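For reference, the structure discussed in these notes is given below.
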Amino acid sequence: MNGDPAVTSMPIDLAFTIFVLAIMCGVAVISKVPATLHTPLMSGANSIHGIVLVGAMIIAVTADNPVSYVISFLAVAFATLNVVGGYVVTDRMLQMFRKRPAAAKPADPTADKASKAEG
Amino acid sequence: MDLTPLDAIVRLIWLAGAVGFVIGLSQMNSPATARTGNLISASGMAMAIGATALYLLVRPGASFNLTGWIIILVGIAVGGGYGLYSARTVKMTAMPQLVSLFNAVGGGAAALIAIDEYLRHAGAAPGLQENVATVLDIAIGSVTFTGSLIASGKLMGLKITPSRPVMIPGGRLVTIVLALVVVVGAGYLFTGNYNVAVMVAILAASLIFGITLAMPIGGADMPVVISLLNSFTGTAVAMAGFVLNNPVLIIAGALVGASGAILTKLMADAMNRSILNIMIGGFGGGDSTVSSVGAGGPGGSVREVSLDDAAIQLAYASSVIVVPGYGLAVAQAQHACRELADILEHRGVEVRYAIHPVAGRMPGHMNVLLAEANVPYPQLWEMEDINPEFNRCDVALVIGANDVTNPAARRPGSPVSGMPILDVDHAKSIIVMKRSMGRGYAGIDNELYVNPKTGMLFKDAKAGLAELIAAVKGL
């Protein structure tokens, strides 16, 4: 909270400028993604909002009462689930996109399924 | 504002993390670089989190909060452990509900941060800026939390959240009341009053609103709703950034908010429906109101094609386009489908896949399912690119796709009118593999099935493909 050294301060106009420019940046970057990759894109974007873990850590460290501790525990666990699950599942999806089926060499948890399909 | 060297370093690392997110997303524009892109994005995330931990440990003037750190470590272990486990074990057909679950908890975390910050003010109302960000964070975060959970449940086909649209009695009135609670409550708080009860009322109304938002959505509209909720979570995280004055939360949240919004628009366009129309749930809801008469579609009889005949057509074609729909995924037939394609290719047949943008249960889902079955991605063609090719193809094999192939969409007056479709009827010959004459999501008959060029193969996708493979092999 304000005054706490764990919370950085930033003038609102600057914060809003960053917000708007980041939206435009997102629009510019995403518009080029082909439909083939929309699912990994969404899943990848989904993991990015797991950055909320940074906020969850800040409130956990600055907590000083049981309610705050419970809330921050939930927030940290939720956010980590978002980050870890999001990146892992995106990676799993992306490693399936191959140019040639022959290049499909088992090197992952889904490998047995993939190799069975090859047989 | 004076930056200590520590502040400056942490902020620079946060910036580097944000740059990682942007580069990671931009690398998603090609299957060849996408995986690296995801790793870059993950590294950016690791850096941002590491920098935060460093900052929280050594920031000046703060005592070491042991309980807080234990909570962080246990929370990371619990959330990370479950995340790792579920992401590794999920089947690709079940992936939309998992992504939806991750989305729910992201929004939930953002809302929790705002709630906690608000409670800490203890009596003194925060300034207007923080107040606005807090209320928006709580409202949007809670809507996306319950909304995504319901969406996830619907995708799983849970009993309490059936995948068909569920109309809530007096739904619109409930929505208006909930919206009023949020708006009036927000207005009260914005005018400088500190009131936890009002905050809780806003929270409760938003949580219920998430449920009433997602319940009426039908299965085929899921791609739209999932991207919309993803966009909401991004926005909620950006609001959490405003609450905590944290630039990396603002940047990452805004990026995701924008990407989700674009995808939502693309998905809605692909179904030729407005986002509002989907939210209200007017389309899949009433199979009774939409009669099969549609636009007075041409009558005509349905022709069945025998298995051997279909096999001969496919084996001696020079070009085949496979049109997979969700029925293929439900039947887990994507591997059989690729096997058939392989056999045909060995015989010298050119095989391509025509993927409609909304095939599957989230944007681009069908591509992932086929990629899982080792279909090389250059064979996966998007709608705009493949449509001119149907004229030149000998056989179009439609497996488990329905509404997206209905030529009625080209004429006004039908529920699917204006929806972009795959021009399957332009192929020289059409084989439709389908279990029955049952209707698709739009609840109307598909004129493609009475086309004289069309032969129907009434079979389950998986069993039917296995029989087709055997028949082609026997030629």
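In the structure tokens, each chain is lettered A, B, ... as it comes, each chain's residues begin at 1, and ligands are numbered from 1 in order of appearance.
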**Prompt:** Which neighbours of Ser43 in chain A fall inside 8 Å, counting only C-alpha atoms, when residues of the same chain fewer than 5 positions from it are skipped, and could you give them as a count of residues only?
**Reply:** 5
**Prompt:** Got a sec to tell me which of range 260-440 of chain B DSSP assigns to helix (DSSP H, G or I), as JSON, numbers by chain?
**Reply:** {"B": [260, 261, 262, 263, 264, 265, 266, 267, 268, 269, 270, 275, 276, 277, 278, 279, 280, 307, 308, 309, 310, 311, 312, 313, 314, 315, 326, 327, 328, 329, 330, 334, 335, 336, 337, 338, 339, 340, 341, 342, 343, 344, 345, 346, 365, 366, 367, 368, 369, 370, 371, 372, 377, 378, 379, 383, 384, 385, 386, 387, 388, 389, 390, 391, 392, 403, 404, 405, 407, 408, 409, 410, 424, 425, 426]}
**Request:** Find the spatial neighbours of Ala471 in chain B, counting only C-alpha atoms, within a cut-off of 9 Å - ignore same-chain residues fewer than 4 positions away - and output them as a count of residues only.
**Result:** 8
**Prompt:** Which residues come within 9 Å of Val61 in chain A, counting only C-alpha atoms, excluding same-chain residues fewer than 2 positions away, as a list in words?
**Reply:**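 Surrounding residues, per the criterion: Ala6, Ala56, Met57, Ile58, Ile59, Ala63, Asp64, Tyr69 and Ser72 of chain A; Leu56, Phe64, Asn65, Leu66, Thr67, Gly68, Trp69, Ile71 and Ile72 of chain B.
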**Prompt:** If you measure from CA of Ala258 in chain B to CA of Gly81 in chain B, what distance in Å do you get, rounded to one decimal?
**Reply:**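 Interatomic distance, CA of Ala258 in chain B to CA of Gly81 in chain B: 29.4 Å.
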